[in-house]
Amino acid sequence: MILKVSNLEKIYKGKISFKALENINMEVSEGEFVAIMGPSGSGKSTFLNTISTIDKPTAGSVLIAGKNPYEMNAKQLSTFRRKELGFVFQQFNLINTLTVGENIILPLTLDKADVKTMKTKLEEISELLGLSDLLHKRTYEISGGQAQRVAIARAVINEPSILLADEPTGNLDSKAAKDVMKLFKKLNEAMHVTIIMVTHDPNIASYSDKTYIIKDGNIYQEIINRNDNKNYRREILNTMSLLGGDDIDII
Amino acid sequence: MTLFNFAYNNIKRDFKNYLYHFLSCVFSVFIFFLFSTLAKHPALKIVESGSAIGIILFMASIVSMLFSFVLILYSVSNFLRNRSKQFAILNIIGASKGQFNKLIFFENIIISIFALLVGIITGIIFSKIFLMIAQSMINGLNLYFYFPLIPLLLTVFLMGGLFLLISLISPVILRKKRIIDLLKKEELAEKNYFLLSLAAVIVILSPTIYFHIKKEFFTFIYILDLLSCISTSYFIFNLIFNVYNFFMEKSGRIYVNNNLIKLSNFKYKVNTNIKTMAATMILFSIILTAFVYIVGAPMNVTEDTEKIMPYSYMYANWEDEAEGERKAKLIADELKSADGFKKLTISYSELKNKARTVRHIILSNTMYNEVADFLNRKKINLSDNEYFLVGVDGKSKPILPDVVKNEISGHGITKEIGTDKRIISMSGYFTSVTVISDRSYESISSALVKDRIYAFTQSNLTNGGSEDLANIKKLIGFEEGKESLISYIFYYDIENLTRRLVSYVGSILCISFLIGIASIIYSRLYSSVEEESKKYSIMIKMGLSKDELKDILASTLRWLFILPFMTSLIISWIIISIVNQMIVTSYTNLTIICSFIYLLTEFILYMTIKRKYQEKILNNI
C-alpha cells in the first residue's frame, strides 16, 4: 500500500466551525491512477491537501509509503516531500526566474545531486515528455499546455512515490488537457508512477483506474474501471449528475 | 545548478523586482561613504573626537547607519513578501528551511556586493562635488579632493557588516506562513492589529514616561524613546482610521460617493497602510523640524555668540590682583586702537567656596549699572531689601541658589524685583549673579572674598581672528591655571564652524530621509499596481467612471501622504515652540516661512505623485 488514509477528519475552526472532511478511509496501491471527484465545496481539494502534507488533518492518519508525514519535524518533512511526493497544480506554479530546464532540475538541486546526474535525468525526462526543444526557454515564453508538462517533469524527476495533481487541466483548453492526461497515463504505465488527481471534469477522471466521488466531506462512491473505458466514463457521469454536477452527456 | 546559481539567476532575470531593494542598498552605501569622506578628510584631522564637531560627525555616521538599517530592512521585507509565492512553491517541492535561508542569504550577499561596488564608485565620483558644497557651506576649511582610502575601507567594513547582519536576519522576517495560504490564488486581506498596537503602546510608552519622570536616563532610553515613537504613531493612525471608519458606517455615509470602495481599499491593506503612514510621519517630523534649524542656525551665529560671550575679550586673574591689573592694562593697550574700544573692570564679592570654579557672586547696584551701561542694557535701582538676578548661561532664567539666599536673607534682603537672563561674563564663568543695593553690598561684602574681571569690547565684535587671542596670550605671558583670557571671536569661530557643519550634515540627512519617504511611498503604491489594476478593471466594467477611479486613487494618496504630512507639520511646530523656550534664539518667524515652503512643496509633490499614480493604474487597465 503506497497510501493508507484512515478515519481522516478536517475541521476548519472559526466563528462557525466547518467540517470539511469526515471519516475518510482510502487505500491506494503502488502504480494505481486514482481520480477524486466531487461537486464544488465537497472537500476534494482539502482531501488532497491533507494527504499531501500541506494541511494538517484534525483527526485520523495518513501513511505514505508506510510513513506518517505529520509526525516528522520540518527537516524530515522537506526531505520527505522532495523524495516521496510530486506536485502538479492548476496554476502550474513554475518559477519564472528560471528557464524551463532549470525548473525541471530544481528538485535535484535541492537534493544536491551532482551535475552529471542532473544532466542525464533532465535528458531522459524531457525526452519522455517531449520538452527537449523548450529547455532553454523562459516560463513566459511557452504555452499553458507546455507549462503543465514542465510542471509534471519537475514533479516526477525525483521518481516520487506519489504524484499529486490538483485540477491539472483546469487552466488548459480541451486539446492541451487531453495531451496532459495522455502524459499522465504514459507515466503511470511506463514508469509505474502512482497518481492521485483531483478534478471536477468527468472526461478527465475517466483516464484513471479508479474514481472516488466525495460529497459533503465523505466518500460517496467508488467507481472502478474494469477495462471498459466507455462504461467507466458513463458511470462517473451518471453519479456526478445525480449529485447535481454537470449535465449528462452520453454519446 | 547550485543554490548559488539559483539565487544569481533570480536576481539577474528578475532584476526589476530586486531593483528597489538594490537601489536602497546603493543609496545607503553612497550616503555613508559621503559622510566618511568628510569625517576622515585630512583638513579635519585637527578636530578631536571629543569635540563638538567630532561628535556631530560621529553622530551623523550613526544616524545614517541606523537609517540605512531601517530602510534596507523595510525593502528586504518588502521584496521577500513579493516573492512569498515562490517560496511556497519551493517549500512544497521539498526545500528545507536551511536551503531557504541559504537562498535568501545568497541573494542578499550578491545584491550587497554589487551595492557596495556601485555605491562606492558613485560615492568617489560625487565626493568631489560634495566636498565642494561642504566647503562653500562651511567656510574656513580647505576641503580639497583626496583619494578616500580610509572612508573606502570603513564603508566596506561597516556597511558590509550591516548587509551581512541583514542577510542573516532577513530569513527571520519571512515569518513562517502556512503554505496553503501562500498557494491560494488570491491574496488575503490584512488584519487590523488595533488591540495589539494598543497593547504595544501601553507596554512601551508607560516605562518610557516613567523613566522620563524619574529622570533615570541611560543609553537604553533612546531605544525606548524610538520604540515609543513608532508604536504611538502606529496606534494613533490606526485609531484615526478606525474612528473615521466607525463614523462613516454609523452615519451611513459609507454608501455615498464611492466611500465604500475607498474605505474597503484602505482596509484591505490596513496594516501596510498604517505602517507606511507611521513611517512617513516620523520621517516628515524629523525633516520638517530639522530643516528650520538647518536654515536658521548659521543665520544667528553673531547674536548667539553674544549670548554666551558678551565682550570681545574677558580677562581674569585668580591669584594675584596686582599682576592682574598690570596684564589687563597690557591687553587694553594692545586693543585700544580698535574702533569703539571700551574697557571695564567689574569688581564683585564672592561667597567662599572650596572649588575654584564655583562662583556665587554678589554685585553692587552701581557696579551692575556700569556693566549695564557697558552692554547697553537697562539700569536698575534697588532698595535695601531688594535683589536682582542675572543669568549665567545665556539660556535659562536665573534662580536664587540656597547658599546665596541664606547669606542675603540674613541682611533682610528678601524681595526679588526682577531677573535678566542675559549674562555679564562668558557663559558658565559665574555660578550665580545677585545684584543688591549699594548699602546692603557694603555691609555684606566685608565678610566675603573680593575679586574682579576685566571686560574689553569694541564696536565690531567679529573683528580680527582666533589667532589674535594667541598673540595677546603671548604678550602678557599667559599662565595656564592662574588666569583666564577668552575672546569673542574664538567662540564665534567654533560656533560658526559647528553650526555650518551641522547644517551641511543635517541637510544631507534630510535629503536622504526625504528620499526614504519617497521610496516608502513608492514601494507601497507600486508593489500592488497589478493587483489594483485588476480590481479596478472589473469595477470599470461594472460602470465605474474614470473620474471616479481617479478620485478613489487620490483618496488613497491623501491618507498615505497628506495626513502624515499635516500631522508631522503640527508636531514640528510643537517641537520648535518647546525648543524656543529652552534656547537663546527664537525660530518662530523662520518656522512660519518654512511652513509655507513645506505646504507648497507638499502640494506640488502630491499633485505630481497623484497624476503619475493615476496614469500608471489607468494604463494598466
# chains A, B, ... in the order shown; residues from 1 in each chain; ligands from 1
$ closest_atom_pairs --of "chain B" --to "chain A" --cutoff "10 Å" --atoms "only C-alpha atoms" --output "CSV"
residue,atom,partner,partner_atom,distance
B:Met1,CA,A:Thr109,CA,6.1
B:Thr2,CA,A:Thr109,CA,5.8
B:Leu3,CA,A:Thr109,CA,6.9
B:Asn5,CA,A:Thr109,CA,9.9
B:Phe6,CA,A:Leu98,CA,7.7
B:Ala7,CA,A:Thr97,CA,9.5
B:Tyr8,CA,A:Thr97,CA,9.8
B:Asn9,CA,A:Thr97,CA,6.5
B:Asn10,CA,A:Thr97,CA,5.1
B:Ile11,CA,A:Thr97,CA,8.0
B:Lys12,CA,A:Thr97,CA,8.2
B:Arg13,CA,A:Thr97,CA,5.5
B:Asp14,CA,A:Thr97,CA,6.0
B:Phe15,CA,A:Thr97,CA,9.5
B:Lys85,CA,A:Asn93,CA,8.6
B:Gln86,CA,A:Ile95,CA,6.4
B:Phe87,CA,A:Ile95,CA,9.5
B:Ala88,CA,A:Asn93,CA,9.4
B:Ile89,CA,A:Asn93,CA,6.6
B:Leu90,CA,A:Pro107,CA,8.7
B:Asn91,CA,A:Ser78,CA,7.2
B:Ile92,CA,A:Arg81,CA,6.8
B:Ile93,CA,A:Arg82,CA,5.6
B:Gly94,CA,A:Arg82,CA,4.2
B:Ala95,CA,A:Ser78,CA,5.8
B:Ser96,CA,A:Ser78,CA,5.1
B:Lys97,CA,A:Lys75,CA,7.0
B:Gly98,CA,A:Lys75,CA,8.5
B:Gln99,CA,A:Leu110,CA,7.4
B:Phe100,CA,A:Leu110,CA,9.9
B:Arg178,CA,A:Ile54,CA,8.1
B:Ile179,CA,A:Ile54,CA,6.5
B:Ile180,CA,A:Ile54,CA,6.2
B:Asp181,CA,A:Ile54,CA,9.9
B:Leu183,CA,A:Asn93,CA,8.9
B:Lys185,CA,A:Gln91,CA,8.5
$ write_last_selection --atoms "C-alpha atoms" --output "compact mmCIF listing (two decimals), in the first residue's frame"
# COMPACT_ATOMS: atom_id res chain seq x y z
CA MET B 1 22.69 24.21 -10.96
CA THR B 2 23.51 25.02 -7.38
CA LEU B 3 21.59 27.14 -4.89
CA ASN B 5 23.26 29.78 -9.33
CA PHE B 6 19.60 29.77 -8.46
CA ALA B 7 19.99 32.90 -6.36
CA TYR B 8 22.07 34.55 -9.06
CA ASN B 9 19.52 33.68 -11.75
CA ASN B 10 16.72 35.03 -9.60
CA ILE B 11 18.42 38.38 -9.39
CA LYS B 12 19.66 38.51 -12.95
CA ARG B 13 16.41 37.53 -14.59
CA ASP B 14 14.01 39.32 -12.31
CA PHE B 15 16.07 42.40 -11.68
CA LYS B 85 4.56 32.54 -3.63
CA GLN B 86 7.90 31.43 -5.00
CA PHE B 87 8.88 30.39 -1.51
CA ALA B 88 5.69 28.38 -1.16
CA ILE B 89 6.46 26.52 -4.37
CA LEU B 90 9.98 25.82 -3.17
CA ASN B 91 8.66 24.62 0.13
CA ILE B 92 6.26 22.24 -1.48
CA ILE B 93 8.82 20.68 -3.77
CA GLY B 94 10.88 19.98 -0.71
CA ALA B 95 13.28 22.82 0.01
CA SER B 96 14.35 22.61 3.63
CA LYS B 97 14.49 25.58 5.97
CA GLY B 98 18.26 25.61 5.72
CA GLN B 99 18.07 25.75 1.94
CA PHE B 100 15.63 28.65 2.13
CA ARG B 178 1.24 28.29 6.09
CA ILE B 179 1.97 27.07 2.61
CA ILE B 180 -1.70 26.64 1.99
CA ASP B 181 -2.24 30.38 2.44
CA LEU B 183 -0.59 28.99 -2.58
CA LYS B 185 -4.85 32.24 -5.80
$ residues_around --residues "segment 469-477 of chain B" --least-positions-apart "4" --cutoff "9 Å" --atoms "only C-alpha atoms" --output "VMD selection string"
chain B and resid 313 327 to 328 330 to 331 334 465 485 to 487 489 to 490
$ select_by_dssp --residues "segment 7-160 of chain B" --states "alpha helix (DSSP H)" --output "PyMOL selection string"
chain B and resi 7-13+15-39+52-82+84-92+97-137+149-160
$ write_last_selection --atoms "C-alpha atoms" --output "compact mmCIF listing (two decimals), in the first residue's frame"
# COMPACT_ATOMS: atom_id res chain seq x y z
CA ALA B 7 19.99 32.90 -6.36
CA TYR B 8 22.07 34.55 -9.06
CA ASN B 9 19.52 33.68 -11.75
CA ASN B 10 16.72 35.03 -9.60
CA ILE B 11 18.42 38.38 -9.39
CA LYS B 12 19.66 38.51 -12.95
CA ARG B 13 16.41 37.53 -14.59
CA PHE B 15 16.07 42.40 -11.68
CA LYS B 16 13.04 44.65 -11.74
CA ASN B 17 11.78 43.01 -8.59
CA TYR B 18 15.13 43.46 -6.86
CA LEU B 19 15.78 46.93 -8.22
CA TYR B 20 14.07 48.80 -5.42
CA HIS B 21 15.96 46.85 -2.79
CA PHE B 22 19.19 47.23 -4.72
CA LEU B 23 18.77 50.99 -5.02
CA SER B 24 18.06 51.30 -1.29
CA CYS B 25 21.32 49.49 -0.61
CA VAL B 26 23.30 51.58 -3.09
CA PHE B 27 21.85 54.74 -1.66
CA SER B 28 22.75 53.77 1.90
CA VAL B 29 26.32 52.97 0.88
CA PHE B 30 26.54 56.24 -1.04
CA ILE B 31 25.38 58.38 1.89
CA PHE B 32 27.61 56.61 4.38
CA PHE B 33 30.58 56.92 2.09
CA LEU B 34 29.98 60.65 1.63
CA PHE B 35 29.92 61.19 5.39
CA SER B 36 33.07 59.18 5.82
CA THR B 37 34.92 61.16 3.15
CA LEU B 38 34.04 64.33 5.02
CA ALA B 39 34.67 62.97 8.51
CA ALA B 52 31.53 69.18 19.27
CA ILE B 53 32.48 68.74 15.63
CA GLY B 54 33.87 65.28 16.23
CA ILE B 55 30.67 64.30 17.99
CA ILE B 56 28.49 65.73 15.20
CA LEU B 57 30.36 63.77 12.55
CA PHE B 58 30.23 60.63 14.65
CA MET B 59 26.50 61.05 15.33
CA ALA B 60 25.87 61.68 11.63
CA SER B 61 27.51 58.37 10.73
CA ILE B 62 25.48 56.60 13.40
CA VAL B 63 22.24 58.19 12.21
CA SER B 64 22.98 57.36 8.60
CA MET B 65 23.81 53.78 9.60
CA LEU B 66 20.58 53.47 11.59
CA PHE B 67 18.63 54.99 8.75
CA SER B 68 20.25 52.57 6.28
CA PHE B 69 19.43 49.69 8.58
CA VAL B 70 15.75 50.60 8.75
CA LEU B 71 15.48 51.42 5.05
CA ILE B 72 17.16 48.20 3.97
CA LEU B 73 15.16 46.12 6.41
CA TYR B 74 11.99 47.70 5.03
CA SER B 75 12.94 46.99 1.43
CA VAL B 76 14.13 43.47 2.25
CA SER B 77 10.86 42.61 3.94
CA ASN B 78 9.01 44.08 1.00
CA PHE B 79 10.77 42.09 -1.62
CA LEU B 80 10.59 38.92 0.40
CA ARG B 81 6.86 39.38 0.72
CA ASN B 82 6.50 39.91 -3.01
CA SER B 84 6.21 34.61 -0.93
CA LYS B 85 4.56 32.54 -3.63
CA GLN B 86 7.90 31.43 -5.00
CA PHE B 87 8.88 30.39 -1.51
CA ALA B 88 5.69 28.38 -1.16
CA ILE B 89 6.46 26.52 -4.37
CA LEU B 90 9.98 25.82 -3.17
CA ASN B 91 8.66 24.62 0.13
CA ILE B 92 6.26 22.24 -1.48
CA LYS B 97 14.49 25.58 5.97
CA GLY B 98 18.26 25.61 5.72
CA GLN B 99 18.07 25.75 1.94
CA PHE B 100 15.63 28.65 2.13
CA ASN B 101 17.84 30.61 4.43
CA LYS B 102 20.80 29.87 2.22
CA LEU B 103 18.95 31.05 -0.87
CA ILE B 104 17.86 34.32 0.75
CA PHE B 105 21.32 34.75 2.22
CA PHE B 106 22.99 34.27 -1.18
CA GLU B 107 20.62 36.71 -2.86
CA ASN B 108 21.28 39.31 -0.19
CA ILE B 109 25.02 38.82 -0.42
CA ILE B 110 25.06 39.16 -4.20
CA ILE B 111 22.98 42.33 -4.01
CA SER B 112 25.12 43.68 -1.17
CA ILE B 113 28.38 43.19 -3.03
CA PHE B 114 27.07 44.93 -6.12
CA ALA B 115 25.54 47.67 -3.99
CA LEU B 116 28.86 48.24 -2.23
CA LEU B 117 30.63 48.44 -5.58
CA VAL B 118 28.13 50.78 -7.21
CA GLY B 119 27.66 52.87 -4.07
CA ILE B 120 31.38 53.40 -3.53
CA ILE B 121 32.10 54.14 -7.18
CA THR B 122 29.32 56.73 -7.39
CA GLY B 123 30.49 57.98 -3.99
CA ILE B 124 34.02 58.57 -5.29
CA ILE B 125 32.67 60.25 -8.41
CA PHE B 126 30.41 62.55 -6.41
CA SER B 127 32.72 63.12 -3.45
CA LYS B 128 34.46 65.99 -5.25
CA ILE B 129 31.17 67.82 -5.75
CA PHE B 130 30.01 67.13 -2.22
CA LEU B 131 33.30 68.28 -0.75
CA MET B 132 32.95 71.48 -2.77
CA ILE B 133 29.44 72.01 -1.46
CA ALA B 134 30.67 71.30 2.05
CA GLN B 135 33.49 73.78 1.63
CA SER B 136 31.20 76.55 0.47
CA MET B 137 28.76 75.84 3.27
CA LEU B 149 41.16 55.12 1.19
CA ILE B 150 40.13 55.09 4.85
CA PRO B 151 36.48 56.01 4.11
CA LEU B 152 36.51 53.28 1.48
CA LEU B 153 37.69 50.67 3.94
CA LEU B 154 35.33 51.99 6.59
CA THR B 155 32.38 51.75 4.20
CA VAL B 156 33.31 48.27 3.05
CA PHE B 157 33.63 47.01 6.60
CA LEU B 158 30.78 48.82 8.32
CA MET B 159 28.20 48.76 5.54
CA GLY B 160 29.37 45.27 4.56
$ atom_distance --atom1 "atom CA of Ala189 of chain B" --atom2 "atom CA of Glu532 of chain B"
13.0 Å
$ closest_residue --among "A:Asp209, A:Glu71, A:Pro168, A:Gly60" --to "Asn188 of chain A" --atoms "only C-alpha atoms"
A:Asp209
$ closest_atom_pairs --of "segment 358-419 of chain B" --to "segment 575-589 of chain B" --cutoff "10 Å" --atoms "only C-alpha atoms" --output "Markdown table"
| residue | atom | partner | partner_atom | distance |
| --- | --- | --- | --- | --- |
| B:Asp393 | CA | B:Val584 | CA | 9.8 |
| B:Gly394 | CA | B:Val584 | CA | 6.7 |
| B:Lys395 | CA | B:Val584 | CA | 5.4 |
| B:Ser396 | CA | B:Met582 | CA | 6.9 |
| B:Lys397 | CA | B:Met582 | CA | 9.6 |
$ write_last_selection --atoms "all heavy atoms" --output "mmCIF file, in the first residue's frame"
data_model
loop_
_atom_site.group_PDB
_atom_site.id
_atom_site.type_symbol
_atom_site.label_atom_id
_atom_site.label_comp_id
_atom_site.auth_asym_id
_atom_site.auth_seq_id
_atom_site.Cartn_x
_atom_site.Cartn_y
_atom_site.Cartn_z
ATOM 1 N N ASP B 393 24.183 81.415 32.072
ATOM 2 C CA ASP B 393 24.497 80.528 30.941
ATOM 3 C C ASP B 393 23.885 80.992 29.618
ATOM 4 O O ASP B 393 24.081 80.366 28.588
ATOM 5 C CB ASP B 393 24.057 79.082 31.249
ATOM 6 C CG ASP B 393 22.576 78.990 31.561
ATOM 7 O OD1 ASP B 393 21.886 80.015 31.432
ATOM 8 O OD2 ASP B 393 22.127 77.892 31.934
ATOM 9 N N GLY B 394 23.160 82.109 29.652
ATOM 10 C CA GLY B 394 22.614 82.637 28.408
ATOM 11 C C GLY B 394 21.343 81.947 27.962
ATOM 12 O O GLY B 394 20.724 82.339 26.989
ATOM 13 N N LYS B 395 20.955 80.875 28.644
ATOM 14 C CA LYS B 395 19.773 80.114 28.215
ATOM 15 C C LYS B 395 18.639 80.251 29.200
ATOM 16 O O LYS B 395 17.544 80.660 28.880
ATOM 17 C CB LYS B 395 20.117 78.626 28.105
ATOM 18 C CG LYS B 395 20.901 78.257 26.884
ATOM 19 C CD LYS B 395 21.221 76.777 26.914
ATOM 20 C CE LYS B 395 22.513 76.501 26.169
ATOM 21 N NZ LYS B 395 23.117 75.248 26.569
ATOM 22 N N SER B 396 18.936 79.883 30.477
ATOM 23 C CA SER B 396 17.831 79.726 31.418
ATOM 24 C C SER B 396 17.638 80.975 32.271
ATOM 25 O O SER B 396 18.542 81.787 32.458
ATOM 26 C CB SER B 396 18.082 78.514 32.300
ATOM 27 O OG SER B 396 19.415 78.509 32.720
ATOM 28 N N LYS B 397 16.433 81.102 32.771
ATOM 29 C CA LYS B 397 16.087 82.189 33.662
ATOM 30 C C LYS B 397 16.840 81.949 34.973
ATOM 31 O O LYS B 397 16.832 80.841 35.500
ATOM 32 C CB LYS B 397 14.568 82.124 33.908
ATOM 33 C CG LYS B 397 13.983 83.315 34.601
ATOM 34 C CD LYS B 397 12.460 83.146 34.611
ATOM 35 C CE LYS B 397 11.805 84.227 35.435
ATOM 36 N NZ LYS B 397 11.587 83.870 36.816
#
$ residues_around --residues "segment 518-522 of chain B" --least-positions-apart "5" --cutoff "8 Å" --atoms "only C-alpha atoms" --output "PyMOL selection string"
chain B and resi 276+280+527+560-561
$ write_last_selection --atoms "all heavy atoms" --output "mmCIF file, in the first residue's frame"
data_model
loop_
_atom_site.group_PDB
_atom_site.id
_atom_site.type_symbol
_atom_site.label_atom_id
_atom_site.label_comp_id
_atom_site.auth_asym_id
_atom_site.auth_seq_id
_atom_site.Cartn_x
_atom_site.Cartn_y
_atom_site.Cartn_z
ATOM 1 N N THR B 276 3.027 52.426 6.651
ATOM 2 C CA THR B 276 3.556 53.452 5.760
ATOM 3 C C THR B 276 3.305 54.838 6.324
ATOM 4 O O THR B 276 4.189 55.705 6.319
ATOM 5 C CB THR B 276 2.889 53.341 4.372
ATOM 6 O OG1 THR B 276 2.935 51.995 3.964
ATOM 7 C CG2 THR B 276 3.567 54.224 3.353
ATOM 8 N N THR B 280 6.164 57.458 7.353
ATOM 9 C CA THR B 280 6.195 58.741 6.668
ATOM 10 C C THR B 280 6.098 59.884 7.665
ATOM 11 O O THR B 280 6.833 60.870 7.581
ATOM 12 C CB THR B 280 5.005 58.840 5.690
ATOM 13 O OG1 THR B 280 4.922 57.645 4.954
ATOM 14 C CG2 THR B 280 5.164 59.996 4.747
ATOM 15 N N SER B 527 4.084 48.421 -5.563
ATOM 16 C CA SER B 527 4.172 46.964 -5.414
ATOM 17 C C SER B 527 2.823 46.316 -5.687
ATOM 18 O O SER B 527 2.730 45.128 -5.927
ATOM 19 C CB SER B 527 4.669 46.601 -4.011
ATOM 20 O OG SER B 527 3.723 47.009 -3.059
ATOM 21 N N LEU B 560 -2.234 58.354 2.702
ATOM 22 C CA LEU B 560 -0.847 57.927 2.881
ATOM 23 C C LEU B 560 0.138 59.087 2.925
ATOM 24 O O LEU B 560 1.198 58.982 3.521
ATOM 25 C CB LEU B 560 -0.426 56.986 1.747
ATOM 26 C CG LEU B 560 -1.108 55.638 1.702
ATOM 27 C CD1 LEU B 560 -0.628 54.873 0.487
ATOM 28 C CD2 LEU B 560 -0.794 54.850 2.960
ATOM 29 N N PHE B 561 -0.198 60.173 2.273
ATOM 30 C CA PHE B 561 0.804 61.204 2.033
ATOM 31 C C PHE B 561 0.445 62.534 2.681
ATOM 32 O O PHE B 561 1.300 63.229 3.193
ATOM 33 C CB PHE B 561 0.967 61.364 0.514
ATOM 34 C CG PHE B 561 2.213 62.088 0.104
ATOM 35 C CD1 PHE B 561 3.452 61.676 0.586
ATOM 36 C CD2 PHE B 561 2.149 63.166 -0.756
ATOM 37 C CE1 PHE B 561 4.607 62.337 0.213
ATOM 38 C CE2 PHE B 561 3.306 63.829 -1.135
ATOM 39 C CZ PHE B 561 4.530 63.410 -0.652
#
$ residues_around --residues "Glu22 of chain A" --least-positions-apart "6" --cutoff "9 Å" --atoms "only C-alpha atoms" --output "VMD selection string"
chain A and resid 7 to 11 216 to 219
$ closest_residue --among "B:Tyr387, B:Tyr234, B:Phe220, B:Tyr429" --to "Ala199 of chain B" --atoms "only C-alpha atoms"
B:Tyr234
$ residues_around --residues "Ile24 of chain A" --least-positions-apart "2" --cutoff "12 Å" --atoms "only C-alpha atoms" --output "ChimeraX atom specification"
/A:4-10,20-22,26-27,43-44,46-48,50-51,57,59-62,212-221
$ select_by_dssp --residues "segment 19-242 of chain A" --states "strand (DSSP E or B)" --output "ChimeraX atom specification"
/A:19-28,33-37,59-64,67,85-88,99,138,162-166,194-198,210-215,218-224
$ residues_around --residues "Thr211 of chain A" --least-positions-apart "5" --cutoff "8 Å" --atoms "only C-alpha atoms" --output "list of chain:residue names"
A:Val34, A:Ala35, A:Ile36, A:Met37, A:Ala205, A:Ser206, A:Glu222, A:Ile223, A:Ile224, A:Ile236
$ closest_residue --among "A:Thr169, A:Gly41, A:Thr58, A:Ser143" --to "Lys13 of chain A" --atoms "only C-alpha atoms"
A:Thr58
$ residues_around --residues "Ile204 of chain A" --least-positions-apart "5" --cutoff "12 Å" --atoms "only C-alpha atoms" --output "PyMOL selection string"
chain A and resi 33-37+165+167-170+172+174-182+184-185+197-199+209-211+229+232-233+236-237
$ decode --residues "segment 370-432 of chain B" --atoms "C-alpha atoms" --output "PDB file, in the first residue's frame"
ATOM      1  CA  GLU B 370      28.110 100.275  34.958  1.00  0.00           C
ATOM      2  CA  VAL B 371      28.002  96.870  33.333  1.00  0.00           C
ATOM      3  CA  ALA B 372      24.523  97.597  32.001  1.00  0.00           C
ATOM      4  CA  ASP B 373      25.798 100.810  30.526  1.00  0.00           C
ATOM      5  CA  PHE B 374      28.765  98.994  29.018  1.00  0.00           C
ATOM      6  CA  LEU B 375      26.462  96.437  27.398  1.00  0.00           C
ATOM      7  CA  ASN B 376      23.656  98.894  26.517  1.00  0.00           C
ATOM      8  CA  ARG B 377      21.200  97.332  28.929  1.00  0.00           C
ATOM      9  CA  LYS B 378      18.605  98.864  31.215  1.00  0.00           C
ATOM     10  CA  LYS B 379      19.855 100.200  34.541  1.00  0.00           C
ATOM     11  CA  ILE B 380      18.168  99.248  37.779  1.00  0.00           C
ATOM     12  CA  ASN B 381      17.583 100.933  41.083  1.00  0.00           C
ATOM     13  CA  LEU B 382      17.316  98.658  44.119  1.00  0.00           C
ATOM     14  CA  SER B 383      16.045  99.341  47.626  1.00  0.00           C
ATOM     15  CA  ASP B 384      17.920  97.805  50.538  1.00  0.00           C
ATOM     16  CA  ASN B 385      15.646  94.759  50.859  1.00  0.00           C
ATOM     17  CA  GLU B 386      15.573  94.007  47.160  1.00  0.00           C
ATOM     18  CA  TYR B 387      17.716  91.871  44.925  1.00  0.00           C
ATOM     19  CA  PHE B 388      18.015  91.345  41.182  1.00  0.00           C
ATOM     20  CA  LEU B 389      19.209  88.168  39.434  1.00  0.00           C
ATOM     21  CA  VAL B 390      21.404  87.997  36.344  1.00  0.00           C
ATOM     22  CA  GLY B 391      21.748  84.968  34.071  1.00  0.00           C
ATOM     23  CA  VAL B 392      24.897  82.883  33.910  1.00  0.00           C
ATOM     24  CA  ASP B 393      24.497  80.528  30.941  1.00  0.00           C
ATOM     25  CA  GLY B 394      22.614  82.637  28.408  1.00  0.00           C
ATOM     26  CA  LYS B 395      19.773  80.114  28.215  1.00  0.00           C
ATOM     27  CA  SER B 396      17.831  79.726  31.418  1.00  0.00           C
ATOM     28  CA  LYS B 397      16.087  82.189  33.662  1.00  0.00           C
ATOM     29  CA  PRO B 398      18.306  82.753  36.725  1.00  0.00           C
ATOM     30  CA  ILE B 399      17.185  81.462  40.114  1.00  0.00           C
ATOM     31  CA  LEU B 400      18.489  82.322  43.551  1.00  0.00           C
ATOM     32  CA  PRO B 401      20.637  79.462  44.916  1.00  0.00           C
ATOM     33  CA  ASP B 402      20.085  78.444  48.542  1.00  0.00           C
ATOM     34  CA  VAL B 403      23.607  79.404  49.665  1.00  0.00           C
ATOM     35  CA  VAL B 404      23.130  82.935  48.406  1.00  0.00           C
ATOM     36  CA  LYS B 405      19.632  83.085  49.806  1.00  0.00           C
ATOM     37  CA  ASN B 406      20.915  82.212  53.280  1.00  0.00           C
ATOM     38  CA  GLU B 407      23.624  84.818  53.002  1.00  0.00           C
ATOM     39  CA  ILE B 408      21.451  87.739  51.909  1.00  0.00           C
ATOM     40  CA  SER B 409      18.294  86.963  53.848  1.00  0.00           C
ATOM     41  CA  GLY B 410      20.374  87.439  56.997  1.00  0.00           C
ATOM     42  CA  HIS B 411      20.684  91.035  55.926  1.00  0.00           C
ATOM     43  CA  GLY B 412      16.990  91.425  55.293  1.00  0.00           C
ATOM     44  CA  ILE B 413      17.249  91.156  51.511  1.00  0.00           C
ATOM     45  CA  THR B 414      14.271  89.026  50.563  1.00  0.00           C
ATOM     46  CA  LYS B 415      12.436  90.696  47.732  1.00  0.00           C
ATOM     47  CA  GLU B 416      13.198  89.710  44.187  1.00  0.00           C
ATOM     48  CA  ILE B 417      12.344  92.535  41.855  1.00  0.00           C
ATOM     49  CA  GLY B 418      13.376  91.036  38.576  1.00  0.00           C
ATOM     50  CA  THR B 419      15.731  88.941  36.510  1.00  0.00           C
ATOM     51  CA  ASP B 420      17.667  89.257  33.289  1.00  0.00           C
ATOM     52  CA  LYS B 421      18.809  86.032  31.660  1.00  0.00           C
ATOM     53  CA  ARG B 422      21.470  87.805  29.608  1.00  0.00           C
ATOM     54  CA  ILE B 423      24.931  87.219  31.002  1.00  0.00           C
ATOM     55  CA  ILE B 424      27.636  89.633  32.110  1.00  0.00           C
ATOM     56  CA  SER B 425      30.617  87.304  31.743  1.00  0.00           C
ATOM     57  CA  MET B 426      31.448  84.410  29.486  1.00  0.00           C
ATOM     58  CA  SER B 427      28.861  81.664  29.802  1.00  0.00           C
ATOM     59  CA  GLY B 428      29.437  79.448  32.818  1.00  0.00           C
ATOM     60  CA  TYR B 429      32.139  81.593  34.441  1.00  0.00           C
ATOM     61  CA  PHE B 430      29.819  82.577  37.268  1.00  0.00           C
ATOM     62  CA  THR B 431      27.584  80.117  39.070  1.00  0.00           C
ATOM     63  CA  SER B 432      25.118  82.778  40.126  1.00  0.00           C
TER      64      SER B 432
END
